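One file, model.cif, carrying mmCIF, C-alpha atoms:
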```cif
data_my_file
loop_
_atom_site.group_PDB
_atom_site.id
_atom_site.type_symbol
_atom_site.label_atom_id
_atom_site.label_comp_id
_atom_site.auth_asym_id
_atom_site.auth_seq_id
_atom_site.Cartn_x
_atom_site.Cartn_y
_atom_site.Cartn_z
ATOM 1 C CA PRO D 1262 -0.456 -15.179 -11.572
ATOM 2 C CA HIS D 1263 1.189 -13.577 -8.554
ATOM 3 C CA SER D 1264 4.502 -15.322 -9.152
ATOM 4 C CA THR D 1265 4.407 -14.227 -12.763
ATOM 5 C CA MET D 1266 3.843 -10.595 -11.776
ATOM 6 C CA ILE D 1267 6.630 -10.734 -9.197
ATOM 7 C CA ALA D 1268 8.967 -12.226 -11.788
ATOM 8 C CA ARG D 1269 8.287 -9.249 -14.013
ATOM 9 C CA LEU D 1270 9.336 -6.687 -11.381
ATOM 10 C CA PRO D 1271 13.038 -6.809 -12.297
ATOM 11 C CA VAL D 1272 12.136 -6.317 -15.942
ATOM 12 C CA LEU D 1273 9.862 -3.395 -15.116
ATOM 13 C CA SER D 1274 12.476 -1.784 -12.917
ATOM 14 C CA THR D 1275 15.183 -2.209 -15.546
ATOM 15 C CA PHE D 1276 12.910 -0.635 -18.133
ATOM 16 C CA LEU D 1277 12.083 2.335 -15.892
ATOM 17 C CA LEU D 1278 15.654 2.930 -14.872
ATOM 18 C CA GLY D 1279 16.895 2.509 -18.396
ATOM 19 C CA SER D 1280 14.298 4.924 -19.721
ATOM 20 C CA CYS D 1281 15.153 7.508 -17.095
ATOM 21 C CA HIS D 1282 18.862 7.128 -17.820
ATOM 22 C CA ALA D 1283 18.163 7.950 -21.430
ATOM 23 C CA PHE D 1284 16.831 11.335 -20.375
ATOM 24 C CA THR D 1285 19.716 12.106 -18.071
ATOM 25 C CA SER D 1286 22.505 11.212 -20.473
ATOM 26 C CA THR D 1287 23.802 12.946 -23.565
ATOM 27 C CA PRO D 1288 21.711 11.593 -26.463
ATOM 28 C CA ASN D 1289 23.321 9.652 -29.267
ATOM 29 C CA PRO D 1290 23.283 11.907 -32.355
ATOM 30 C CA THR D 1291 22.512 9.007 -34.634
ATOM 31 C CA LEU D 1292 19.170 8.465 -32.904
ATOM 32 C CA TYR D 1293 17.655 11.792 -33.828
ATOM 33 C CA ALA D 1294 19.975 13.688 -36.204
ATOM 34 C CA SER D 1295 17.927 12.865 -39.287
ATOM 35 C CA PHE D 1296 14.928 14.657 -37.791
ATOM 36 C CA LEU D 1297 16.738 17.994 -37.321
ATOM 37 C CA PRO D 1298 17.933 20.640 -39.744
ATOM 38 C CA TYR D 1299 21.572 20.129 -40.591
ATOM 39 C CA SER D 1300 22.607 23.277 -38.697
ATOM 40 C CA GLN D 1301 21.011 21.957 -35.530
ATOM 41 C CA ARG D 1302 22.459 18.459 -35.535
ATOM 42 C CA THR D 1303 24.347 18.914 -32.260
ATOM 43 C CA PRO D 1304 23.729 16.559 -29.368
ATOM 44 C CA MET D 1305 21.875 18.208 -26.502
ATOM 45 C CA THR D 1306 21.511 17.193 -22.866
ATOM 46 C CA LEU D 1307 17.796 16.880 -22.106
ATOM 47 C CA ALA D 1308 18.124 17.188 -18.341
ATOM 48 C CA SER D 1309 20.397 18.925 -15.932
ATOM 49 C CA SER D 1310 23.235 16.942 -14.417
ATOM 50 C CA ASP D 1311 22.199 18.400 -11.079
ATOM 51 C CA SER D 1312 21.663 15.506 -8.664
ATOM 52 C CA ASN D 1313 18.440 17.151 -7.471
ATOM 53 C CA SER D 1314 16.800 17.232 -10.888
ATOM 54 C CA PRO D 1315 13.259 15.784 -11.100
ATOM 55 C CA ILE D 1316 14.455 12.888 -13.255
ATOM 56 C CA ASP D 1317 17.160 11.923 -10.760
ATOM 57 C CA VAL D 1318 14.666 12.121 -7.901
ATOM 58 C CA PHE D 1319 12.261 9.909 -9.857
ATOM 59 C CA VAL D 1320 14.973 7.348 -10.635
ATOM 60 C CA GLU D 1321 15.983 7.257 -6.980
ATOM 61 C CA GLY D 1322 12.353 6.737 -5.954
ATOM 62 C CA VAL D 1323 11.857 3.870 -8.411
ATOM 63 C CA SER D 1324 15.089 2.246 -7.284
ATOM 64 C CA LYS D 1325 14.161 2.516 -3.594
ATOM 65 C CA ARG D 1326 10.674 1.054 -4.093
ATOM 66 C CA PHE D 1327 12.100 -1.818 -6.118
ATOM 67 C CA GLU D 1328 14.513 -2.479 -3.266
ATOM 68 C CA ILE D 1329 11.575 -2.507 -0.834
ATOM 69 C CA ALA D 1330 9.738 -5.014 -3.049
ATOM 70 C CA GLN D 1331 12.785 -7.291 -3.129
ATOM 71 C CA GLU D 1332 13.197 -7.149 0.658
ATOM 72 C CA SER D 1333 9.493 -7.811 1.208
ATOM 73 C CA ARG D 1334 9.537 -10.754 -1.171
ATOM 74 C CA ALA D 1335 12.689 -12.173 0.416
ATOM 75 C CA GLY D 1336 10.915 -12.020 3.767
ATOM 76 C CA GLY D 1337 8.160 -14.291 2.467
ATOM 77 C CA ALA D 1338 5.462 -11.630 2.156
ATOM 78 C CA SER D 1339 2.336 -12.287 0.109
ATOM 79 C CA PHE D 1340 1.782 -10.439 -3.149
ATOM 80 C CA THR D 1341 -0.706 -8.033 -1.537
ATOM 81 C CA GLN D 1342 1.704 -7.360 1.334
ATOM 82 C CA ILE D 1343 4.498 -6.606 -1.144
ATOM 83 C CA ILE D 1344 2.247 -4.073 -2.871
ATOM 84 C CA ALA D 1345 1.342 -2.538 0.500
ATOM 85 C CA ASP D 1346 5.024 -2.281 1.429
ATOM 86 C CA VAL D 1347 5.931 -0.664 -1.887
ATOM 87 C CA LEU D 1348 3.104 1.884 -1.582
ATOM 88 C CA ALA D 1349 4.148 2.677 1.981
ATOM 89 C CA GLY D 1350 7.742 3.378 1.028
ATOM 90 C CA GLU D 1351 10.210 4.017 3.832
ATOM 91 C CA TYR D 1352 8.693 4.633 7.262
ATOM 92 C CA ASP D 1353 9.401 4.158 10.958
ATOM 93 C CA ALA D 1354 7.964 0.684 11.587
ATOM 94 C CA ASP D 1355 8.317 0.797 15.383
ATOM 95 C CA SER D 1356 6.608 4.180 15.661
ATOM 96 C CA THR D 1357 3.827 3.163 13.267
ATOM 97 C CA LYS D 1358 3.202 -0.077 15.146
ATOM 98 C CA ALA D 1359 3.061 1.806 18.455
ATOM 99 C CA ASP D 1360 0.530 4.246 16.985
ATOM 100 C CA ILE D 1361 -1.620 1.347 15.742
ATOM 101 C CA GLU D 1362 -1.568 -0.368 19.134
ATOM 102 C CA GLU D 1363 -2.516 2.895 20.833
ATOM 103 C CA THR D 1364 -5.407 3.427 18.389
ATOM 104 C CA VAL D 1365 -6.672 -0.141 18.779
ATOM 105 C CA ALA D 1366 -6.674 0.255 22.572
ATOM 106 C CA SER D 1367 -8.504 3.601 22.411
ATOM 107 C CA ALA D 1368 -12.007 2.197 21.707
ATOM 108 C CA PRO D 1369 -14.012 -1.032 22.175
ATOM 109 C CA CYS D 1370 -14.239 -1.515 18.405
ATOM 110 C CA VAL D 1371 -11.839 -0.002 15.857
ATOM 111 C CA MET D 1372 -12.136 -0.290 12.098
ATOM 112 C CA PHE D 1373 -9.399 0.755 9.650
ATOM 113 C CA THR D 1374 -11.059 1.602 6.331
ATOM 114 C CA TRP D 1375 -10.992 3.143 2.871
ATOM 115 C CA GLU D 1376 -14.013 5.328 2.226
ATOM 116 C CA SER D 1377 -14.641 3.986 -1.301
ATOM 117 C CA SER D 1378 -14.105 0.299 -0.483
ATOM 118 C CA PRO D 1379 -17.266 -1.824 -1.016
ATOM 119 C CA SER D 1380 -16.224 -4.207 1.778
ATOM 120 C CA CYS D 1381 -15.696 -1.295 4.148
ATOM 121 C CA LYS D 1382 -19.138 0.073 3.314
ATOM 122 C CA GLN D 1383 -20.693 -3.352 3.984
ATOM 123 C CA ALA D 1384 -18.866 -3.657 7.294
ATOM 124 C CA LEU D 1385 -19.980 -0.192 8.364
ATOM 125 C CA SER D 1386 -23.587 -0.984 7.414
ATOM 126 C CA ALA D 1387 -23.455 -4.210 9.413
ATOM 127 C CA MET D 1388 -22.115 -2.416 12.472
ATOM 128 C CA GLU D 1389 -24.743 0.318 12.141
ATOM 129 C CA ALA D 1390 -27.461 -2.347 11.912
ATOM 130 C CA ALA D 1391 -26.117 -3.886 15.117
ATOM 131 C CA GLU D 1392 -26.037 -0.387 16.670
ATOM 132 C CA ALA D 1393 -22.390 -0.911 17.550
ATOM 133 C CA LYS D 1394 -20.123 1.976 18.508
ATOM 134 C CA VAL D 1395 -17.171 1.867 16.121
ATOM 135 C CA LYS D 1396 -14.125 4.102 15.891
ATOM 136 C CA ILE D 1397 -13.339 4.640 12.197
ATOM 137 C CA VAL D 1398 -9.745 5.211 11.097
ATOM 138 C CA ARG D 1399 -9.490 6.106 7.429
ATOM 139 C CA LEU D 1400 -6.326 5.012 5.640
ATOM 140 C CA ASP D 1401 -7.086 7.081 2.539
ATOM 141 C CA ASP D 1402 -7.175 10.503 4.218
ATOM 142 C CA PRO D 1403 -4.379 11.203 3.540
ATOM 143 C CA TRP D 1404 -2.848 8.317 1.622
ATOM 144 C CA ASP D 1405 0.738 9.151 2.566
ATOM 145 C CA GLU D 1406 -0.132 8.582 6.228
ATOM 146 C CA GLY D 1407 -2.483 5.660 5.655
ATOM 147 C CA ASN D 1408 -0.220 3.552 3.444
ATOM 148 C CA PRO D 1409 2.427 2.919 6.132
ATOM 149 C CA ILE D 1410 -0.341 2.019 8.609
ATOM 150 C CA ARG D 1411 -1.833 -0.435 6.133
ATOM 151 C CA ALA D 1412 1.572 -2.033 5.481
ATOM 152 C CA GLU D 1413 2.294 -2.389 9.187
ATOM 153 C CA LEU D 1414 -1.203 -3.748 9.902
ATOM 154 C CA GLY D 1415 -0.568 -6.415 7.280
ATOM 155 C CA LYS D 1416 2.600 -7.481 9.071
ATOM 156 C CA MET D 1417 0.833 -7.477 12.453
ATOM 157 C CA VAL D 1418 -2.302 -9.436 11.554
ATOM 158 C CA GLY D 1419 -1.346 -11.341 8.392
ATOM 159 C CA LYS D 1420 -3.748 -9.538 6.059
ATOM 160 C CA SER D 1421 -3.225 -6.136 4.448
ATOM 161 C CA SER D 1422 -6.725 -5.620 3.014
ATOM 162 C CA VAL D 1423 -9.410 -3.367 4.459
ATOM 163 C CA PRO D 1424 -11.528 -3.199 6.477
ATOM 164 C CA CYS D 1425 -9.266 -4.255 9.307
ATOM 165 C CA ILE D 1426 -11.421 -4.681 12.421
ATOM 166 C CA PHE D 1427 -10.505 -4.987 16.089
ATOM 167 C CA ILE D 1428 -12.909 -5.772 18.940
ATOM 168 C CA ALA D 1429 -11.618 -5.362 22.497
ATOM 169 C CA GLY D 1430 -8.120 -5.056 21.060
ATOM 170 C CA LYS D 1431 -8.387 -8.362 19.216
ATOM 171 C CA TYR D 1432 -8.166 -8.590 15.439
ATOM 172 C CA VAL D 1433 -11.288 -10.309 14.042
ATOM 173 C CA GLY D 1434 -10.650 -10.007 10.291
ATOM 174 C CA GLY D 1435 -12.431 -7.904 7.706
ATOM 175 C CA PHE D 1436 -16.034 -7.983 6.566
ATOM 176 C CA ASP D 1437 -16.416 -11.423 4.985
ATOM 177 C CA SER D 1438 -12.918 -12.855 5.260
ATOM 178 C CA GLY D 1439 -9.903 -13.161 7.502
ATOM 179 C CA PRO D 1440 -6.587 -14.974 7.801
ATOM 180 C CA SER D 1441 -7.696 -17.606 10.338
ATOM 181 C CA GLU D 1442 -10.581 -19.301 12.126
ATOM 182 C CA GLU D 1443 -10.005 -16.955 15.059
ATOM 183 C CA ALA D 1444 -10.271 -13.943 12.745
ATOM 184 C CA PRO D 1445 -12.702 -14.937 9.966
ATOM 185 C CA GLY D 1446 -14.408 -11.567 9.468
ATOM 186 C CA ILE D 1447 -17.469 -10.098 11.153
ATOM 187 C CA GLN D 1448 -19.935 -11.682 8.713
ATOM 188 C CA LYS D 1449 -18.853 -15.202 9.668
ATOM 189 C CA LEU D 1450 -18.790 -14.252 13.335
ATOM 190 C CA ALA D 1451 -22.369 -13.014 12.998
ATOM 191 C CA PHE D 1452 -23.435 -16.284 11.335
ATOM 192 C CA LYS D 1453 -21.856 -18.221 14.199
ATOM 193 C CA GLY D 1454 -23.693 -16.051 16.709
ATOM 194 C CA THR D 1455 -20.526 -14.775 18.360
ATOM 195 C CA LEU D 1456 -20.300 -11.220 16.991
ATOM 196 C CA ARG D 1457 -22.909 -9.582 19.229
ATOM 197 C CA PRO D 1458 -21.583 -11.215 22.425
ATOM 198 C CA MET D 1459 -18.075 -10.016 21.519
ATOM 199 C CA LEU D 1460 -19.325 -6.479 20.956
ATOM 200 C CA GLU D 1461 -21.310 -6.527 24.192
ATOM 201 C CA GLU D 1462 -18.391 -7.842 26.218
ATOM 202 C CA ALA D 1463 -16.125 -5.174 24.720
ATOM 203 C CA GLY D 1464 -18.607 -2.434 25.585
ATOM 204 C CA ALA D 1465 -19.303 -1.532 21.954
ATOM 205 C CA LEU D 1466 -23.089 -2.064 22.324
#
```

Mind turning this structure into structure tokens?
Amino acid sequence: PHSTMIARLPVLSTFLLGSCHAFTSTPNPTLYASFLPYSQRTPMTLASSDSNSPIDVFVEGVSKRFEIAQESRAGGASFTQIIADVLAGEYDADSTKADIEETVASAPCVMFTWESSPSCKQALSAMEAAEAKVKIVRLDDPWDEGNPIRAELGKMVGKSSVPCIFIAGKYVGGFDSGPSEEAPGIQKLAFKGTLRPMLEEAGAL
């Protein structure tokens, strides 16, 4: 399914760009003349030719995000990482990564979350039950700041979903899943009996 959706991106982009071009060009009289009174059958430009018009800005935005998707795909990113990259748009990757590393080092346990995410709510409940001290970093408040962080986290840890949890500076996965045996998610760590010792050693209990 993912490959099918990716394959459709060029088609979607072409459709969007083509549709926008139709609004920025002089219309073909034959397309609409029959719907106007005879005296009004003069082609009209629907949008200003000004390069800063809303339509031009929109077209440029669509084109740039499609370019980002192509670059992300060419780099071997997963479907979810491609979506994260597209939502993030253009951003300073080095600065964002440095900010993430500084945040992760600022507390024994750090959790990047979305407030409305069911998995985030479960992870928070589990940490509260364990009486762990957790630093919460919301990626949805505001979105325009959180989306680049989410995209960069995905590149750093191999998984762009939330929650994204770090204990003692080490990525441990999300709530019930993770990209590896070393980072399987806090639920699996709890079942293995290693979560509480990790939290204690980090100073989060």

Chain and number of each residue from the PyMOL selection byres ((chain D and resi 1370-1374) around 8), as a list of chain:residue names: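 So the PyMOL selection byres ((chain D and resi 1370-1374) around 8), applied here, picks out D:Thr1364, D:Val1365, D:Ala1368, D:Pro1369, D:Trp1375, D:Glu1376, D:Ser1378, D:Cys1381, D:Lys1394, D:Val1395, D:Lys1396, D:Ile1397, D:Val1398, D:Arg1399, D:Leu1400, D:Asp1401, D:Val1423, D:Pro1424, D:Cys1425, D:Ile1426, D:Phe1427, D:Ile1428, D:Ala1429, D:Gly1430, D:Leu1460, D:Ala1463, D:Ala1465.
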
Can I get the selection written as an mmCIF file, in the frame of the given file, with C-alpha atoms?
```
data_model
loop_
_atom_site.group_PDB
_atom_site.id
_atom_site.type_symbol
_atom_site.label_atom_id
_atom_site.label_comp_id
_atom_site.auth_asym_id
_atom_site.auth_seq_id
_atom_site.Cartn_x
_atom_site.Cartn_y
_atom_site.Cartn_z
ATOM 1 C CA THR D 1364 -5.407 3.427 18.389
ATOM 2 C CA VAL D 1365 -6.672 -0.141 18.779
ATOM 3 C CA ALA D 1368 -12.007 2.197 21.707
ATOM 4 C CA PRO D 1369 -14.012 -1.032 22.175
ATOM 5 C CA TRP D 1375 -10.992 3.143 2.871
ATOM 6 C CA GLU D 1376 -14.013 5.328 2.226
ATOM 7 C CA SER D 1378 -14.105 0.299 -0.483
ATOM 8 C CA CYS D 1381 -15.696 -1.295 4.148
ATOM 9 C CA LYS D 1394 -20.123 1.976 18.508
ATOM 10 C CA VAL D 1395 -17.171 1.867 16.121
ATOM 11 C CA LYS D 1396 -14.125 4.102 15.891
ATOM 12 C CA ILE D 1397 -13.339 4.640 12.197
ATOM 13 C CA VAL D 1398 -9.745 5.211 11.097
ATOM 14 C CA ARG D 1399 -9.490 6.106 7.429
ATOM 15 C CA LEU D 1400 -6.326 5.012 5.640
ATOM 16 C CA ASP D 1401 -7.086 7.081 2.539
ATOM 17 C CA VAL D 1423 -9.410 -3.367 4.459
ATOM 18 C CA PRO D 1424 -11.528 -3.199 6.477
ATOM 19 C CA CYS D 1425 -9.266 -4.255 9.307
ATOM 20 C CA ILE D 1426 -11.421 -4.681 12.421
ATOM 21 C CA PHE D 1427 -10.505 -4.987 16.089
ATOM 22 C CA ILE D 1428 -12.909 -5.772 18.940
ATOM 23 C CA ALA D 1429 -11.618 -5.362 22.497
ATOM 24 C CA GLY D 1430 -8.120 -5.056 21.060
ATOM 25 C CA LEU D 1460 -19.325 -6.479 20.956
ATOM 26 C CA ALA D 1463 -16.125 -5.174 24.720
ATOM 27 C CA ALA D 1465 -19.303 -1.532 21.954
#
```

Pick the closest to Gly1419 of chain D from D:Pro1379, D:Gly1454, D:Gly1407, D:Gly1337: which is it, counting only C-alpha atoms?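 Ranking D:Pro1379, D:Gly1454, D:Gly1407, D:Gly1337 by distance to Gly1419 of chain D, first place goes to D:Gly1337.
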
Residues returned when the PyMOL selection byres ((chain D and resi 1355) around 12) runs on this file, as a list in words: Tyr1352, Asp1353, Ala1354, Ser1356, Thr1357, Lys1358, Ala1359, Asp1360, Ile1361, Glu1362, Pro1409, Ile1410, Glu1413, Leu1414, Lys1416 and Met1417 of chain D

Between D:Glu1351, D:Glu1392, D:Glu1461, D:Asp1346, smallest distance to Arg1334 of chain D by all atoms listed in the file belongs to D:Asp1346

Using all atoms listed in the file, give me every residue within 12 Å of (10.5, 6.4, -7.7) in file coordinates, as a ChimeraX atom specification. /D:1274,1277-1278,1281,1315-1329,1347-1348,1350-1351

To one decimal in Å, tell me the separation between atom CA of Phe1340 of chain D and atom CA of Ala1387 of chain D. 28.9 Å

Quick check, in Å to one decimal: how far apart do atom CA of Gln1331 of chain D and atom CA of Ala1349 of chain D lie?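 Between atom CA of Gln1331 of chain D and atom CA of Ala1349 of chain D the gap is 14.1 Å.
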
Atom CA of Pro1403 of chain D and atom CA of Ser1422 of chain D are how many Å apart?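 Interatomic distance here is 17.0 Å.
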
Nearest candidate to Ser1377 of chain D (options D:Glu1443, D:Glu1363, D:Asp1402, D:Glu1389; using only C-alpha atoms):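 Using only C-alpha atoms, Ser1377 of chain D sits closest to D:Asp1402.
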
If you take every atom of segment 1440-1447 of chain D that the file lists and fit an axis-aligned box around them with 3 Å extra on each side, what centre and edge lengths come out in Å to one decimal, as JSON?
```
{"center_x": -12.0, "center_y": -14.7, "center_z": 11.4, "size_x": 16.9, "size_y": 15.2, "size_z": 13.3}
```

Return the single residue from D:Gln1342, D:Phe1436, D:Met1459, D:Leu1450 that is closest to Leu1385 of chain D, with distances computed using all atoms listed in the file.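 Among D:Gln1342, D:Phe1436, D:Met1459, D:Leu1450, it is D:Phe1436 that comes nearest to Leu1385 of chain D.
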
Counting only C-alpha atoms, find residues at most 12 Å from (-19.3, -14.2, 14.5) (file frame) and give them as a PyMOL selection string. chain D and resi 1387+1428+1433-1439+1442-1460
